[in-house]
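First up is the structure itself, then whatever we jot down about it.
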Amino acid sequence: MSDTTTEPPVMPEPETEIPAGYDDGQDHIGLAHHTTTGLSNTKLAMWLFLGSECLLFGGLISTYMLYRNRQGDAIGPDQLWDIPFTSATSFILLMSSLTMVLAVSAAKRKDERGTRLWLTVTALLGGLFLAGQVYEFTVFYREGLGYTTSLFSSSFYTLTGFHGVHVAVGIIMLLSLVGMLAKGRIVGDKAETVEMVGLYWHFVDVVWIVIFTLVYLIPA
Amino acid sequence: MAIIERPTDSPALAGAGAGVVTPSSSYGYFRRPVQSTGWKSWAFTVDHKKIGIMYGVVAMLFFFVGGFEALLIRAQLAQPDGTILSADKYNQMFTMHATTMVFLFVMPMASAFANYMMPLQIGARDVAFPRLNALSLWTFVFGGIFINSSWFLGGAADGGWFMYAPNSSVPFSPTNGVDFWTLGLLMTGVASQVGAINLIVTALNMRAPGMTLMRMPIFTWMALVVQFLLLFAIPIITVALFLLLFQRNFDATFFSVADGADPLLWQHLFWLFGHPEVYIIVLPAFGIISEVLPTFARKPLFGYPFVVFSGAAIGLVGFGVWAHHMFAAGLGPISVAVFSVATMAIAVPTGVKIINWTLTLWGGKLWFSTAMLFAIGLIVQFTIGGLSGVTHAVAPSDTQQTDTYYIVAHFHYVIFGGAVLGLFAGIYYWWPKVFGKMLNETWGRWNFWLMIIGMNLTFGPMHIIGLQGQPRRMYVWTESRAGEGFFNLGMWNLVSTIGSLILGIGAVLFLVNVWVSRKNPPAPADPWDARSLEWITTSPPKEHNFDRIPTVHALDEFFHRKYEDVGEDGRHDYKQVRTGEQVIENEEANAEAHIHLPSPSYWPIILAFGVLVISYGVIYSTLLLAAGAAIAVLALFGWALEPPTADDSEFEPPSSDGGQPSKELAHV
């Protein structure tokens, strides 16, 4: 069979011996992940997931930016925002990223007690942020901003609501993690599991920075 | 019941310094499913091959559902003032035809191939996250059932497959059809999203030793590009679907034009997803025929790197051309000019591919098997569709063609002529790999030729019908405005309907072929003299895919294990030194010991079922919604607490090499 195109000219003998330890049919879970890139599967998957989450929030933020001044005669952002209050809750959420870092660091040192402590504090701070959001929504609603009031209100509540749900899911993950750690029920690498929840948590925080800037700080 | 205890000498536990994961009553109620036969072995499987087969079977089912809907549409339009369907039913029919074909046939069929073939092609034992893979399958299956259940629950969605809002809001579409459509696509979206993450990690992280990126079989490459497109396109449609859902169910105002809403919002969000979707549909087929053509031309793929990078370029540019679907919407001259030029630009990498395929055939020893016929059919038919596509890139011309049958002609040439023919090429090519039996070649030829003749008779005349001005989605046409002579709409509509019948018969012949071939003798291990890694194992592959994970030395590894270069003076001349059977025997002789696979699990199908109940709950009752959420939460926790691999003692009979470190894949 003749062939003049793109085959590499010299082929190694296919049946060459494989270096020991390279392909011994075992995966050595937990010690070193024998993955092609060297990254753990879980971590790569988490980053991919967060990448796609960017597009989800991108769509919601775009919708809000399109409609941010379309409230007709109804109440608008200028009459509603309480910047000092929202700044305070934003600060609380950002601080929860710090405690999350401390939790991941403790987990890497195999400091179980510290991990649980900082995870709990992170969940508490996240809960405070959510409580602030619920309070804020209640105030806005009493001032006349219902979900169906205007284009502005629908897109505002949808965007911040989606973020709030992300925070809530994060809190559930944090508390579940605390419980599972306490009972020794984590499957696989503990430090990595904590780190994965941490990645998600930081992402939710970073998204809030964008939302806070675009929604609250830019004048209408 | 100590049933999910892991082997204590597993390095994972030693490494984590945490002691043994102890079983406990909270999730120890169930024995894990470990059956290897019967329906449970399918419902709870995490084996990528079984999941791939189920994807394929369900997708094929929806292919015939969607085809039946298409035949009803054509029957309605065969004569002037058709009376087979009411206007309302007609709207539902074309909406569901498109939805079914795009979301429930082509995409899952591509998933079937990606699931089945990608791990085999890169030399892996399974995907990176086997349980997530099962979740993808079941959310897709339940999503498809959910959307189609709307037929029996007050009527299906009727806004066209792109469901333009505000036309799809409650005043214009008062039944629950659009809600079923929205929630169903959210479910299939979850399936695609999870599958995308899973397959990207698999392709990047699970490759056999020596399998560099530029040695990956081209189908795996194209599937990888598609997964990236899905990863970034699905969240955008998710946003659009949520907005529509909230608009319809919670009276949100996103699409209320009276309140000042911008009707272009939906169009932008939809087509930002919708155009990458076009490449999501067609790139897997491109990948398949890039495997089929070299095999049956007995030549390597011409310009492999060009095919890889043009595929990636199509994926990238595919995100920047969405507004060419909106030329008639009044975007302004600058937007139109930019998107017009971008759209012409995307024809370049596509053209590169067509040239590569043609030059792969050039000078080859062509073997016209059915798979090869379908692959060549794709090149020809897709090129026709590509050319009419370029006429859409020219905005002034497109303004004339928008919403006419010319558009319908174009996208059927690219979707049927591109994606569907490619998928059928893959079915015929890999059938012996998957089922260990050949499909009948004679029936295959009938299958192919009737489908080709049928599709050209169906969709060819639509160019004329469209340029004559017949709008798409009109449920009747009238004789008095049908025109004269050659351009008479009546004649061409009738031809198109007859063509669709031929096409339908051609498609049914595939089922006939499957039936006729069911008792064929076992296929040879290497029936096509194939080139890539999935053939270095038995057909059908064993549960663990490879007795020994193959070490890869070259692109077209299998070919190079069979053939040696005996050419001199810089010329290549390949001589067969081994048969495929010998290569496989050699692998079997060096089999690895102690291969453990991820264990089946109840949780993926339970979680998907929970999502299904939630979806019905959104439409019908909060109570149902709460029940669904409870099921989903239960499944999530069960999943999180369950190790990916069952203990040996759970197997009946117990697994033979107990206590050995297991070949686990991921902690999911």
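For the structure tokens, the naming scheme is as follows: chains receive sequential letters (A, B, ...) according to their order of presentation, residues are indexed from 1 within each chain, and ligands are indexed from 1 in presentation order.
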Identify, on the basis of only C-alpha atoms, every residue whose closest approach to A:Gly59 does not exceed 9 Å; exclude the query and any residue fewer than 4 positions from it along the same chain; express the result as an MDAnalysis selection string. (chainID A and resid 54:55 63:64) or (chainID B and resid 235:240 269)
Deliver the residues from the most recent selection as a file, using C-alpha atoms, as a PDB file, in the first residue's frame.
ATOM      1  CA  CYS A  54     -20.036  33.119  33.889  1.00  0.00           C
ATOM      2  CA  LEU A  55     -22.225  32.914  30.808  1.00  0.00           C
ATOM      3  CA  THR A  63     -30.791  41.618  30.675  1.00  0.00           C
ATOM      4  CA  TYR A  64     -30.588  43.874  33.716  1.00  0.00           C
TER       5      TYR A  64
ATOM      6  CA  PRO B 235     -26.131  28.726  29.971  1.00  0.00           C
ATOM      7  CA  ILE B 236     -27.266  31.448  27.569  1.00  0.00           C
ATOM      8  CA  ILE B 237     -30.388  29.561  26.473  1.00  0.00           C
ATOM      9  CA  THR B 238     -30.886  28.717  30.130  1.00  0.00           C
ATOM     10  CA  VAL B 239     -31.170  32.421  30.900  1.00  0.00           C
ATOM     11  CA  ALA B 240     -33.604  32.922  28.030  1.00  0.00           C
ATOM     12  CA  LEU B 269     -30.241  35.454  23.796  1.00  0.00           C
TER      13      LEU B 269
END
With distances taken over only C-alpha atoms, which of B:Ala114, B:Val408, B:Val317, B:Leu61 is nearest to B:Val141? B:Leu61
Could you pull out the helix (DSSP H, G or I) residues of stretch 27-146 of chain A from DSSP and send them as a PyMOL selection string? chain A and resi 41-67+77-80+83-108+112-142
Write the residues of the preceding selection, restricted to C-alpha atoms, as a PDB file, in the first residue's frame.
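New file again.pdb:
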ATOM      1  CA  ASN A  41     -10.617  15.567  37.323  1.00  0.00           C
ATOM      2  CA  THR A  42     -12.800  17.173  39.942  1.00  0.00           C
ATOM      3  CA  LYS A  43     -10.919  20.438  39.903  1.00  0.00           C
ATOM      4  CA  LEU A  44     -10.943  20.653  36.126  1.00  0.00           C
ATOM      5  CA  ALA A  45     -14.661  19.919  36.103  1.00  0.00           C
ATOM      6  CA  MET A  46     -15.283  22.620  38.700  1.00  0.00           C
ATOM      7  CA  TRP A  47     -13.437  25.218  36.667  1.00  0.00           C
ATOM      8  CA  LEU A  48     -15.378  24.260  33.559  1.00  0.00           C
ATOM      9  CA  PHE A  49     -18.621  24.536  35.494  1.00  0.00           C
ATOM     10  CA  LEU A  50     -17.677  27.971  36.793  1.00  0.00           C
ATOM     11  CA  GLY A  51     -16.751  29.001  33.250  1.00  0.00           C
ATOM     12  CA  SER A  52     -20.239  28.183  32.105  1.00  0.00           C
ATOM     13  CA  GLU A  53     -21.707  29.940  35.139  1.00  0.00           C
ATOM     14  CA  CYS A  54     -20.036  33.119  33.889  1.00  0.00           C
ATOM     15  CA  LEU A  55     -22.225  32.914  30.808  1.00  0.00           C
ATOM     16  CA  LEU A  56     -25.326  32.352  32.924  1.00  0.00           C
ATOM     17  CA  PHE A  57     -24.680  35.474  34.952  1.00  0.00           C
ATOM     18  CA  GLY A  58     -23.529  37.250  31.796  1.00  0.00           C
ATOM     19  CA  GLY A  59     -26.974  36.719  30.309  1.00  0.00           C
ATOM     20  CA  LEU A  60     -28.772  37.851  33.449  1.00  0.00           C
ATOM     21  CA  ILE A  61     -26.553  40.910  33.885  1.00  0.00           C
ATOM     22  CA  SER A  62     -27.043  41.861  30.223  1.00  0.00           C
ATOM     23  CA  THR A  63     -30.791  41.618  30.675  1.00  0.00           C
ATOM     24  CA  TYR A  64     -30.588  43.874  33.716  1.00  0.00           C
ATOM     25  CA  MET A  65     -28.309  46.396  31.982  1.00  0.00           C
ATOM     26  CA  LEU A  66     -30.777  46.553  29.086  1.00  0.00           C
ATOM     27  CA  TYR A  67     -33.710  47.248  31.383  1.00  0.00           C
ATOM     28  CA  PRO A  77     -33.260  52.592  41.361  1.00  0.00           C
ATOM     29  CA  ASP A  78     -32.452  56.135  42.448  1.00  0.00           C
ATOM     30  CA  GLN A  79     -35.310  56.178  44.951  1.00  0.00           C
ATOM     31  CA  LEU A  80     -34.523  52.695  46.246  1.00  0.00           C
ATOM     32  CA  ILE A  83     -25.811  52.117  49.313  1.00  0.00           C
ATOM     33  CA  PRO A  84     -24.389  52.082  52.869  1.00  0.00           C
ATOM     34  CA  PHE A  85     -26.541  49.098  53.826  1.00  0.00           C
ATOM     35  CA  THR A  86     -25.763  47.105  50.677  1.00  0.00           C
ATOM     36  CA  SER A  87     -22.091  48.003  51.032  1.00  0.00           C
ATOM     37  CA  ALA A  88     -22.155  46.524  54.521  1.00  0.00           C
ATOM     38  CA  THR A  89     -23.711  43.239  53.389  1.00  0.00           C
ATOM     39  CA  SER A  90     -21.319  43.153  50.431  1.00  0.00           C
ATOM     40  CA  PHE A  91     -18.441  43.556  52.854  1.00  0.00           C
ATOM     41  CA  ILE A  92     -19.773  40.651  54.902  1.00  0.00           C
ATOM     42  CA  LEU A  93     -19.908  38.469  51.785  1.00  0.00           C
ATOM     43  CA  LEU A  94     -16.376  39.441  50.815  1.00  0.00           C
ATOM     44  CA  MET A  95     -15.143  38.620  54.303  1.00  0.00           C
ATOM     45  CA  SER A  96     -16.699  35.185  53.929  1.00  0.00           C
ATOM     46  CA  SER A  97     -14.230  34.616  51.096  1.00  0.00           C
ATOM     47  CA  LEU A  98     -11.445  35.273  53.560  1.00  0.00           C
ATOM     48  CA  THR A  99     -12.834  32.736  56.041  1.00  0.00           C
ATOM     49  CA  MET A 100     -13.258  30.290  53.173  1.00  0.00           C
ATOM     50  CA  VAL A 101      -9.569  30.665  52.376  1.00  0.00           C
ATOM     51  CA  LEU A 102      -8.801  29.969  56.034  1.00  0.00           C
ATOM     52  CA  ALA A 103     -10.965  26.840  55.856  1.00  0.00           C
ATOM     53  CA  VAL A 104      -9.163  25.566  52.757  1.00  0.00           C
ATOM     54  CA  SER A 105      -5.822  26.330  54.354  1.00  0.00           C
ATOM     55  CA  ALA A 106      -6.803  24.467  57.521  1.00  0.00           C
ATOM     56  CA  ALA A 107      -7.993  21.518  55.447  1.00  0.00           C
ATOM     57  CA  LYS A 108      -4.644  21.399  53.652  1.00  0.00           C
ATOM     58  CA  GLU A 112      -9.999  19.165  61.065  1.00  0.00           C
ATOM     59  CA  ARG A 113     -11.231  21.389  63.839  1.00  0.00           C
ATOM     60  CA  GLY A 114     -10.055  24.555  62.124  1.00  0.00           C
ATOM     61  CA  THR A 115     -11.632  23.453  58.873  1.00  0.00           C
ATOM     62  CA  ARG A 116     -14.983  22.900  60.474  1.00  0.00           C
ATOM     63  CA  LEU A 117     -14.760  26.160  62.392  1.00  0.00           C
ATOM     64  CA  TRP A 118     -13.964  28.302  59.375  1.00  0.00           C
ATOM     65  CA  LEU A 119     -16.496  26.537  57.183  1.00  0.00           C
ATOM     66  CA  THR A 120     -19.147  27.277  59.799  1.00  0.00           C
ATOM     67  CA  VAL A 121     -18.088  30.924  60.011  1.00  0.00           C
ATOM     68  CA  THR A 122     -18.213  31.162  56.210  1.00  0.00           C
ATOM     69  CA  ALA A 123     -21.716  29.736  56.198  1.00  0.00           C
ATOM     70  CA  LEU A 124     -22.761  32.172  58.917  1.00  0.00           C
ATOM     71  CA  LEU A 125     -21.408  35.160  56.998  1.00  0.00           C
ATOM     72  CA  GLY A 126     -23.150  33.893  53.869  1.00  0.00           C
ATOM     73  CA  GLY A 127     -26.328  33.581  55.914  1.00  0.00           C
ATOM     74  CA  LEU A 128     -25.935  37.170  57.117  1.00  0.00           C
ATOM     75  CA  PHE A 129     -25.590  38.339  53.539  1.00  0.00           C
ATOM     76  CA  LEU A 130     -28.720  36.449  52.555  1.00  0.00           C
ATOM     77  CA  ALA A 131     -30.591  37.882  55.531  1.00  0.00           C
ATOM     78  CA  GLY A 132     -29.526  41.332  54.348  1.00  0.00           C
ATOM     79  CA  GLN A 133     -30.825  40.548  50.886  1.00  0.00           C
ATOM     80  CA  VAL A 134     -34.166  39.355  52.250  1.00  0.00           C
ATOM     81  CA  TYR A 135     -34.424  42.528  54.346  1.00  0.00           C
ATOM     82  CA  GLU A 136     -33.537  44.666  51.338  1.00  0.00           C
ATOM     83  CA  PHE A 137     -36.113  42.932  49.135  1.00  0.00           C
ATOM     84  CA  THR A 138     -38.734  43.433  51.827  1.00  0.00           C
ATOM     85  CA  VAL A 139     -37.978  47.148  52.049  1.00  0.00           C
ATOM     86  CA  PHE A 140     -38.070  47.533  48.271  1.00  0.00           C
ATOM     87  CA  TYR A 141     -41.352  45.678  48.113  1.00  0.00           C
ATOM     88  CA  ARG A 142     -42.917  47.924  50.754  1.00  0.00           C
TER      89      ARG A 142
END
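Take the candidates B:Phe309, B:Phe411, B:Phe142, B:Glu585 and check each one against B:Ile614 using only C-alpha atoms; the shortest distance goes to B:Phe142.
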Nearest to chain B among A:Gly164, A:Gly38, A:Pro219, A:Gly170, with distances taken over only C-alpha atoms: which residue is it? A:Gly38
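A straight line drawn from atom CA of B:Val225 to atom CA of B:Leu283 is 8.0 Å long.
Of the residues under consideration (B:Ala75, B:Gly330, B:Trp431, B:Ala297), B:Trp431 shows the shortest atom-to-atom contact distance to B:Gly56 when counting only C-alpha atoms.
Using only C-alpha atoms for every distance, the candidate list B:Thr175, B:Thr253, B:Thr383, B:Gln35 yields B:Thr253 as the residue closest to chain A.
Every protein or nucleic acid residue with an atom no more than 10 Å from stretch 510-517 of chain B, counting only C-alpha atoms and leaving out same-chain residues fewer than 2 positions away, appears here: Met60, Phe424, Tyr428, Trp431, Lys437, Met438, Leu439, Asn440, Glu441, Thr442, Trp443, Gly444, Arg445, Trp446, Asn447, Phe448, Met451, Ile505, Gly506, Ala507, Val508, Lys519, Asn520 and Pro521 of chain B.
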Shell around B:Leu132 at 9 Å using only C-alpha atoms, local window under 5 positions removed, as a list in words: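 Here the qualifying residues turn out to be Val46, Leu137, Val194, Gly195, Asn198, Pro604 and Val668 of chain B.
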